[in-house]
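Visitor: To be precise about what I am sending: the file is called query.cif and holds mmCIF, C-alpha atoms.
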data_data
loop_
_atom_site.label_atom_id
_atom_site.label_comp_id
_atom_site.auth_asym_id
_atom_site.auth_seq_id
_atom_site.Cartn_x
_atom_site.Cartn_y
_atom_site.Cartn_z
CA MET A 18 78.03 66.38 116.83
CA LYS A 19 74.31 65.57 116.88
CA ARG A 20 74.96 62.31 115.02
CA ASN A 21 77.74 61.36 117.45
CA PHE A 22 75.51 62.19 120.42
CA THR A 23 72.75 59.94 119.06
CA LEU A 24 75.27 57.14 118.62
CA MET A 25 76.54 57.67 122.17
CA ILE A 26 72.99 57.34 123.51
CA ALA A 27 72.55 54.10 121.62
CA LEU A 28 75.81 52.69 122.97
CA LEU A 29 75.36 53.82 126.57
CA THR A 30 71.68 53.02 127.06
CA VAL A 31 71.14 49.82 128.96
CA ALA A 32 68.66 47.54 127.21
CA VAL A 33 65.07 47.86 128.25
CA THR A 34 64.23 45.57 131.14
CA LEU A 35 60.71 44.30 131.63
CA TYR A 36 59.67 42.51 134.75
CA ALA A 37 56.52 41.68 136.63
CA GLY A 38 56.19 43.66 139.84
CA ALA A 39 53.86 42.77 142.65
CA GLN A 40 51.47 45.53 141.58
CA GLY A 41 52.08 45.62 137.83
CA LYS A 42 54.63 45.45 135.06
CA LEU A 43 57.35 48.03 135.03
CA ILE A 44 59.60 49.02 132.16
CA VAL A 45 62.99 50.38 133.25
CA GLU A 46 65.51 52.20 131.09
CA ARG A 47 68.73 53.22 132.81
CA ASP A 48 71.74 55.43 132.13
CA LEU A 49 70.16 57.69 129.52
CA PRO A 50 72.52 60.66 129.05
CA TYR A 51 70.97 64.12 128.98
CA ALA A 52 74.17 66.02 128.13
CA GLU A 53 76.80 65.71 125.42
CA THR A 54 79.40 64.47 127.88
CA ALA A 55 80.52 61.11 129.16
CA ASN A 56 79.94 62.11 132.79
CA PRO A 57 78.04 59.20 134.39
CA ARG A 58 76.14 61.55 136.69
CA GLN A 59 74.53 63.45 133.83
CA ARG A 60 72.05 60.68 133.14
CA VAL A 61 68.51 59.69 134.00
CA ASP A 62 66.68 56.45 134.72
CA ILE A 63 63.07 56.14 133.51
CA TYR A 64 60.41 53.85 134.99
CA SER A 65 57.19 53.43 132.99
CA PRO A 66 54.05 51.29 133.15
CA GLU A 67 53.72 48.73 130.38
CA GLY A 68 51.89 50.33 127.45
CA ALA A 69 52.25 53.84 128.88
CA LYS A 70 51.03 56.69 126.72
CA ASN A 71 50.72 60.39 127.52
CA LEU A 72 51.00 59.87 131.30
CA PRO A 73 52.03 62.60 133.75
CA VAL A 74 55.70 62.53 134.73
CA VAL A 75 57.43 62.66 138.11
CA PHE A 76 60.93 64.13 137.89
CA TRP A 77 62.89 63.10 141.00
CA ILE A 78 66.06 64.84 142.31
CA HIS A 79 68.08 62.90 144.90
CA GLY A 80 69.63 64.43 148.02
CA GLY A 81 73.08 64.10 149.51
CA GLY A 82 74.20 67.57 150.52
CA TRP A 83 75.07 68.53 146.90
CA GLN A 84 78.20 66.37 147.32
CA GLY A 85 76.81 62.84 147.52
CA GLY A 86 73.81 60.67 146.78
CA ASP A 87 72.79 58.97 143.57
CA ARG A 88 69.81 58.74 141.24
CA THR A 89 69.39 55.06 142.16
CA SER A 90 68.41 55.99 145.74
CA ILE A 91 64.69 55.93 145.05
CA GLN A 92 63.33 53.25 147.42
CA LEU A 93 59.63 52.57 146.78
CA LYS A 94 58.87 55.56 144.58
CA PRO A 95 59.06 54.16 141.02
CA GLN A 96 56.62 51.30 141.56
CA ALA A 97 54.34 53.44 143.73
CA PHE A 98 54.07 56.20 141.13
CA VAL A 99 53.77 53.81 138.19
CA ASP A 100 50.88 52.11 139.98
CA LYS A 101 49.19 55.53 140.17
CA GLY A 102 49.57 56.10 136.44
CA PHE A 103 52.78 58.14 136.27
CA VAL A 104 56.09 57.82 134.48
CA PHE A 105 58.89 58.18 137.05
CA VAL A 106 62.22 59.77 136.10
CA SER A 107 65.19 59.89 138.47
CA THR A 108 67.97 62.27 137.52
CA GLY A 109 71.62 62.49 138.42
CA TYR A 110 73.71 65.64 138.45
CA ARG A 111 77.32 66.61 138.97
CA LEU A 112 78.37 67.27 142.56
CA LEU A 113 80.51 69.51 144.72
CA PRO A 114 83.48 69.93 144.59
CA GLU A 115 83.71 68.70 140.98
CA VAL A 116 81.55 71.66 139.95
CA GLU A 117 80.28 74.78 141.69
CA MET A 118 76.72 75.20 142.91
CA GLY A 119 75.42 77.14 139.91
CA THR A 120 76.50 74.33 137.58
CA ILE A 121 74.38 71.89 139.58
CA PHE A 122 71.33 74.09 139.02
CA ARG A 123 72.05 74.16 135.30
CA ASP A 124 72.43 70.36 135.24
CA ILE A 125 68.93 70.01 136.68
CA ALA A 126 67.48 72.39 134.08
CA LYS A 127 69.32 70.56 131.29
CA SER A 128 67.95 67.25 132.54
CA ILE A 129 64.39 68.61 132.62
CA HIS A 130 64.89 69.87 129.07
CA TRP A 131 66.02 66.40 127.93
CA VAL A 132 63.06 64.77 129.67
CA HIS A 133 60.68 67.24 128.06
CA ASP A 134 62.11 66.37 124.64
CA HIS A 135 62.22 62.58 125.09
CA VAL A 136 59.76 61.40 127.72
CA ALA A 137 56.98 60.88 125.16
CA GLU A 138 59.14 58.05 123.79
CA HIS A 139 58.67 56.39 127.19
CA GLY A 140 54.94 57.02 127.56
CA GLY A 141 55.09 60.37 129.35
CA ASP A 142 53.42 63.71 128.69
CA PRO A 143 56.19 66.32 128.24
CA ASN A 144 53.86 69.11 129.34
CA ARG A 145 52.77 67.54 132.63
CA ILE A 146 55.88 67.26 134.79
CA LEU A 147 55.87 67.14 138.59
CA VAL A 148 59.26 68.09 140.07
CA MET A 149 60.24 66.50 143.39
CA GLY A 150 63.39 66.24 145.48
CA HIS A 151 64.61 65.34 148.95
CA SER A 152 67.00 67.33 151.15
CA ALA A 153 69.51 69.00 148.79
CA GLY A 154 67.21 67.81 146.02
CA ALA A 155 64.39 69.75 147.67
CA GLN A 156 66.40 72.97 147.34
CA LEU A 157 67.11 72.16 143.70
CA ALA A 158 63.45 71.39 143.00
CA ALA A 159 62.21 74.55 144.71
CA LEU A 160 64.75 76.77 142.98
CA VAL A 161 64.20 75.47 139.45
CA CYS A 162 60.43 75.82 139.95
CA THR A 163 60.64 79.44 141.12
CA ASP A 164 63.64 80.94 139.30
CA GLU A 165 62.52 80.69 135.70
CA ARG A 166 65.93 81.66 134.29
CA TYR A 167 67.33 78.13 134.47
CA LEU A 168 64.60 76.58 132.32
CA GLN A 169 64.51 79.61 130.02
CA ALA A 170 68.22 79.15 129.35
CA GLU A 171 67.29 75.68 128.05
CA GLY A 172 64.56 77.06 125.80
CA ILE A 173 61.64 75.84 127.95
CA SER A 174 59.42 77.47 130.55
CA LEU A 175 57.71 76.86 133.86
CA ALA A 176 54.51 76.13 131.93
CA ILE A 177 55.52 72.45 131.60
CA ILE A 178 55.83 72.10 135.40
CA LYS A 179 52.45 71.28 136.94
CA GLY A 180 53.58 70.92 140.54
CA CYS A 181 56.58 70.98 142.87
CA VAL A 182 57.13 68.80 145.94
CA PRO A 183 60.26 69.64 147.97
CA VAL A 184 60.78 67.05 150.71
CA ASP A 185 62.38 68.20 153.98
CA GLY A 186 64.79 70.79 152.60
CA ASP A 187 66.55 73.35 154.80
CA THR A 188 67.78 75.78 152.15
CA TYR A 189 64.82 77.54 150.57
CA ASP A 190 66.19 80.65 152.30
CA VAL A 191 69.97 80.25 152.26
CA PRO A 192 70.89 83.39 154.29
CA ALA A 193 68.45 82.32 157.02
CA ILE A 194 69.86 78.80 157.40
CA ILE A 195 73.45 80.07 157.41
CA GLU A 196 72.63 82.56 160.16
CA THR A 197 70.58 80.01 162.11
CA VAL A 198 73.21 77.26 162.10
CA GLU A 199 76.20 79.53 162.72
CA THR A 200 74.45 81.37 165.55
CA ARG A 201 73.40 78.12 167.19
CA ARG A 202 76.93 76.72 167.07
CA ARG A 203 78.43 79.96 168.34
CA VAL A 204 75.97 80.22 171.25
CA HIS A 205 76.66 76.64 172.27
CA GLY A 206 80.41 76.99 171.92
CA GLN A 207 80.64 74.50 169.08
CA PRO A 208 83.39 74.73 166.45
CA LYS A 209 82.57 75.95 162.96
CA LEU A 210 81.61 73.29 160.47
CA LYS A 211 84.35 72.40 158.01
CA LEU A 212 81.83 72.06 155.20
CA GLY A 213 78.69 73.90 156.22
CA HIS A 214 76.17 75.80 154.15
CA ARG A 215 78.43 78.81 153.82
CA GLU A 216 81.23 76.71 152.38
CA LYS A 217 78.89 74.91 149.97
CA PHE A 218 77.05 77.99 148.75
CA GLY A 219 80.08 80.29 148.75
CA ASN A 220 80.75 83.39 150.79
CA ASP A 221 78.96 85.91 148.57
CA PRO A 222 75.74 87.24 150.21
CA ALA A 223 74.33 88.11 146.78
CA LYS A 224 74.66 84.46 145.72
CA HIS A 225 73.03 83.31 148.94
CA LEU A 226 69.97 85.35 148.01
CA ASP A 227 70.07 84.26 144.39
CA TYR A 228 70.26 80.58 145.35
CA SER A 229 67.17 80.90 147.58
CA ALA A 230 63.75 79.94 146.21
CA VAL A 231 62.07 82.56 148.43
CA THR A 232 63.91 85.29 146.53
CA HIS A 233 62.28 84.42 143.21
CA VAL A 234 58.65 83.80 144.16
CA ALA A 235 56.34 86.29 142.47
CA ALA A 236 52.89 86.32 140.95
CA GLY A 237 52.48 86.08 137.21
CA LYS A 238 55.58 83.99 136.50
CA GLY A 239 53.81 80.69 136.05
CA ILE A 240 55.17 79.19 139.27
CA PRO A 241 53.35 75.87 139.81
CA PRO A 242 51.45 74.79 142.94
CA PHE A 243 53.65 73.50 145.77
CA LEU A 244 53.35 70.74 148.33
CA LEU A 245 55.99 71.07 151.04
CA LEU A 246 56.60 67.85 152.98
CA TYR A 247 58.71 68.17 156.11
CA VAL A 248 59.46 66.61 159.49
CA ALA A 249 57.24 68.26 162.08
CA ASP A 250 59.80 68.33 164.89
CA HIS A 251 62.86 69.22 162.80
CA PRO A 252 63.51 72.89 163.72
CA ASP A 253 65.36 73.84 160.54
CA THR A 254 63.35 72.07 157.84
CA SER A 255 60.02 73.00 159.44
CA ALA A 256 61.03 76.67 159.69
CA GLN A 257 62.23 76.69 156.09
CA ALA A 258 59.07 74.98 154.81
CA GLU A 259 56.86 77.43 156.66
CA ARG A 260 58.93 80.34 155.33
CA LEU A 261 58.68 79.21 151.70
CA GLY A 262 55.03 78.27 152.09
CA ALA A 263 54.17 81.71 153.41
CA VAL A 264 56.01 83.44 150.56
CA ILE A 265 54.29 81.28 147.94
CA LYS A 266 50.84 81.82 149.41
CA GLY A 267 51.58 85.55 149.71
CA ALA A 268 52.10 85.65 145.94
CA GLY A 269 48.71 84.04 145.37
CA ILE A 270 50.17 80.69 144.32
CA PRO A 271 48.60 77.49 145.70
CA ALA A 272 50.72 75.88 148.41
CA LYS A 273 50.07 73.05 150.83
CA LEU A 274 52.25 72.12 153.78
CA PHE A 275 52.35 68.69 155.40
CA ALA A 276 54.19 68.28 158.70
CA ALA A 277 55.06 64.60 159.06
CA LYS A 278 54.98 63.31 162.64
CA GLU A 279 56.89 60.46 164.29
CA THR A 280 59.52 60.32 161.57
CA ASN A 281 62.90 61.81 160.68
CA HIS A 282 64.72 63.30 157.72
CA ASN A 283 65.68 60.00 156.08
CA ARG A 284 62.64 57.97 157.01
CA LEU A 285 60.23 60.54 155.58
CA ASN A 286 61.88 60.06 152.20
CA GLU A 287 62.33 56.30 152.43
CA ASN A 288 58.68 55.67 153.35
CA LEU A 289 57.19 57.60 150.44
CA GLY A 290 55.19 54.99 148.59
CA LEU A 291 54.00 52.95 151.58
CA PRO A 292 50.21 52.50 151.38
CA ASP A 293 49.48 53.52 154.99
CA ASP A 294 52.00 56.37 155.15
CA PRO A 295 50.30 59.77 155.81
CA PRO A 296 52.86 61.84 153.84
CA THR A 297 52.44 59.43 150.92
CA LYS A 298 48.68 59.95 151.01
CA ALA A 299 49.14 63.72 150.93
CA LEU A 300 51.67 63.38 148.12
CA PHE A 301 49.44 61.29 145.87
CA GLU A 302 46.41 63.49 146.49
CA PHE A 303 48.46 66.50 145.39
CA ALA A 304 50.12 64.72 142.45
CA LEU A 305 46.85 63.44 141.03
CA GLU A 306 45.17 66.82 141.49
CA VAL A 307 47.82 68.90 139.72
CA SER A 308 48.46 66.34 136.97
CA ARG A 309 44.86 66.63 135.77
CA LYS A 310 45.33 70.30 134.89
#
Take the structure from the file and write it as structure tokens.

Guide:
Amino acid sequence: MKRNFTLMIALLTVAVTLYAGAQGKLIVERDLPYAETANPRQRVDIYSPEGAKNLPVVFWIHGGGWQGGDRTSIQLKPQAFVDKGFVFVSTGYRLLPEVEMGTIFRDIAKSIHWVHDHVAEHGGDPNRILVMGHSAGAQLAALVCTDERYLQAEGISLAIIKGCVPVDGDTYDVPAIIETVETRRRVHGQPKLKLGHREKFGNDPAKHLDYSAVTHVAAGKGIPPFLLLYVADHPDTSAQAERLGAVIKGAGIPAKLFAAKETNHNRLNENLGLPDDPPTKALFEFALEVSRK
């Protein structure tokens, strides 16, 4: 099986592409499978500086409501991070309704495991990984960085994660967002959503708690420092960021919150990497600080 898997990697890996970017040369390797399946979503793309060696790694998780999105939706991030001396990895994962929510979490952990085992081949340091994600990807990032069971099931630990940056997520506390959204719609006489948070996360209150990053925050677990980026005037993502930030700080874990002004949910993500973008400045200050440790 191992021999066949190695052969599959060789056959599926797109040849290394080298091109000159405006800020520097970038090596791109796409469609690297992290699981012993042919599922095209269980793959990563890796972006490295030319001649990279032992650089910190950004592990990016796309959004899309756990039922859409793609690892290629990365906008300016690869070049921006490579220019700062990082290797940038963008991961895919299987989606609802093909799989249930818990399987998505396990896909993320499996992908991190693969990156830990192989990123040195692409110039990255396997023990200096910064986990980031937007929207649904923010929930996935926050959960895998607080609930150590997913990485432990893969034979690795939170010790390899040096920082976590969830970007404008609304599901760090799943019971709270379900109650908030359903109450708001009921008060305003709006119909129930056909595919809301309750439908996506299931109807089991115990799972709602278990799928919430706030449930798993505790001192002494090796949870990394957090930077929570969120839209200042978005009532749900700001409330969720403040909730998670308070829980993290209460456990004695470093946490910074950045409320982005004059932006929205999509633009906050799309603009990360722009030189004059305030959230980008906060992001790089945090990333460079934690990656030195």

Visitor: How close does region 90-142 of chain A get to region 294-309 of chain A? List, as CSV, each residue of region 90-142 of chain A within 12 Å, its nearest atom pair and the distance in Å to one decimal, counting all atoms listed in the file.

Guide:
residue,atom,partner,partner_atom,distance
A:Leu93,CA,A:Thr297,CA,10.8
A:Lys94,CA,A:Thr297,CA,9.8
A:Ala97,CA,A:Phe301,CA,9.5
A:Phe98,CA,A:Phe301,CA,8.4
A:Val99,CA,A:Phe301,CA,11.6
A:Asp100,CA,A:Phe301,CA,11.0
A:Lys101,CA,A:Phe301,CA,8.1
A:Gly102,CA,A:Leu305,CA,9.1
A:Phe103,CA,A:Leu305,CA,9.3
A:Val104,CA,A:Ser308,CA,11.7
A:Gly141,CA,A:Ser308,CA,11.7
A:Asp142,CA,A:Ser308,CA,10.0

Visitor: May I ask which of the residues A:Ile194, A:Leu244, A:Val132, A:Ala55 is the closest one to Met149 (chain A), counting all atoms listed in the file?

Guide: A:Leu244

Visitor: Write out as a PyMOL selection string which residues come within 8 Å of Pro192 (chain A) when counting all atoms listed in the file, dropping same-chain ones fewer than 6 positions away.

Guide: chain A and resi 222+225-226

Visitor: Taking the point (60.1, 69.8, 147.6) as given in the file, collect each protein or nucleic acid residue that comes within 8 Å of it, counting all atoms listed in the file, and present the set as a tab-separated table (two decimals) with C-alpha atoms, in the frame of the given file.

Guide:
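Writing the result to result09.tsv gives the following:
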chain	number	residue	atom	x	y	z
A	148	VAL	CA	59.26	68.09	140.07
A	149	MET	CA	60.24	66.50	143.39
A	150	GLY	CA	63.39	66.24	145.48
A	151	HIS	CA	64.61	65.34	148.95
A	154	GLY	CA	67.21	67.81	146.02
A	155	ALA	CA	64.39	69.75	147.67
A	156	GLN	CA	66.40	72.97	147.34
A	158	ALA	CA	63.45	71.39	143.00
A	159	ALA	CA	62.21	74.55	144.71
A	181	CYS	CA	56.58	70.98	142.87
A	182	VAL	CA	57.13	68.80	145.94
A	183	PRO	CA	60.26	69.64	147.97
A	184	VAL	CA	60.78	67.05	150.71
A	185	ASP	CA	62.38	68.20	153.98
A	186	GLY	CA	64.79	70.79	152.60
A	243	PHE	CA	53.65	73.50	145.77
A	244	LEU	CA	53.35	70.74	148.33
A	245	LEU	CA	55.99	71.07	151.04
A	246	LEU	CA	56.60	67.85	152.98

Visitor: Using only C-alpha atoms, which residue out of A:Ile125, A:Ala249, A:Ile78, A:Ile270 lies closest to His282 (chain A)?

Guide: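 Checking each candidate against His282 (chain A), we get A:Ala249 as the closest.
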
Visitor: When distances are computed from all atoms listed in the file, which of A:His133, A:Arg145, A:Arg123, A:Arg260 shows the smallest separation from Thr232 (chain A)?

Guide: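 For Thr232 (chain A), the nearest of the given residues is A:Arg260.
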
Visitor: Around the point (55.2, 77.7, 151.2) in the file's coordinates, collect all residues with an atom within 8 Å, using all atoms listed in the file, and return them as a PDB file with C-alpha atoms, in the frame of the given file.

Guide:
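Output file part.pdb is given in full below:
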ATOM      1  CA  PHE A 243      53.650  73.500 145.770  1.00  0.00           C
ATOM      2  CA  LEU A 244      53.350  70.740 148.330  1.00  0.00           C
ATOM      3  CA  LEU A 245      55.990  71.070 151.040  1.00  0.00           C
ATOM      4  CA  ALA A 258      59.070  74.980 154.810  1.00  0.00           C
ATOM      5  CA  GLU A 259      56.860  77.430 156.660  1.00  0.00           C
ATOM      6  CA  ARG A 260      58.930  80.340 155.330  1.00  0.00           C
ATOM      7  CA  LEU A 261      58.680  79.210 151.700  1.00  0.00           C
ATOM      8  CA  GLY A 262      55.030  78.270 152.090  1.00  0.00           C
ATOM      9  CA  ALA A 263      54.170  81.710 153.410  1.00  0.00           C
ATOM     10  CA  VAL A 264      56.010  83.440 150.560  1.00  0.00           C
ATOM     11  CA  ILE A 265      54.290  81.280 147.940  1.00  0.00           C
ATOM     12  CA  LYS A 266      50.840  81.820 149.410  1.00  0.00           C
ATOM     13  CA  ALA A 272      50.720  75.880 148.410  1.00  0.00           C
ATOM     14  CA  LYS A 273      50.070  73.050 150.830  1.00  0.00           C
ATOM     15  CA  LEU A 274      52.250  72.120 153.780  1.00  0.00           C
TER      16      LEU A 274
END

Visitor: Smallest atom-to-atom distance to Gly86 (chain A): which of A:Thr200, A:Thr108, A:Thr280, A:Thr163, using all atoms listed in the file?

Guide: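 Closest to Gly86 (chain A) of all the choices is A:Thr108.
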
Visitor: By how many Å are CA of Ala276 (chain A) and CA of Lys310 (chain A) apart?

Guide: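 According to the coordinates, CA of Ala276 (chain A) and CA of Lys310 (chain A) are separated by 25.5 Å.
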
Visitor: Draw an axis-aligned box tight on the listed atoms of region 164-167 of chain A, then pad every side by 8 Å and write out centre and edge lengths in Å to one decimal as AutoDock Vina command-line options.

Guide:
--center_x 64.9 --center_y 79.9 --center_z 136.8 --size_x 20.8 --size_y 19.5 --size_z 21.0

Visitor: So the first atom is CA of Pro73 (chain A) and the second is CA of Ala268 (chain A); what is the distance between them in Å, to one decimal place?

Guide: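 CA of Ala268 (chain A) lies 26.1 Å from CA of Pro73 (chain A).
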
Visitor: Could you tell me how far CA of Leu212 (chain A) sits from CA of Arg284 (chain A), in Å to one decimal place?

Guide: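 Here the two named atoms are 23.9 Å from each other.
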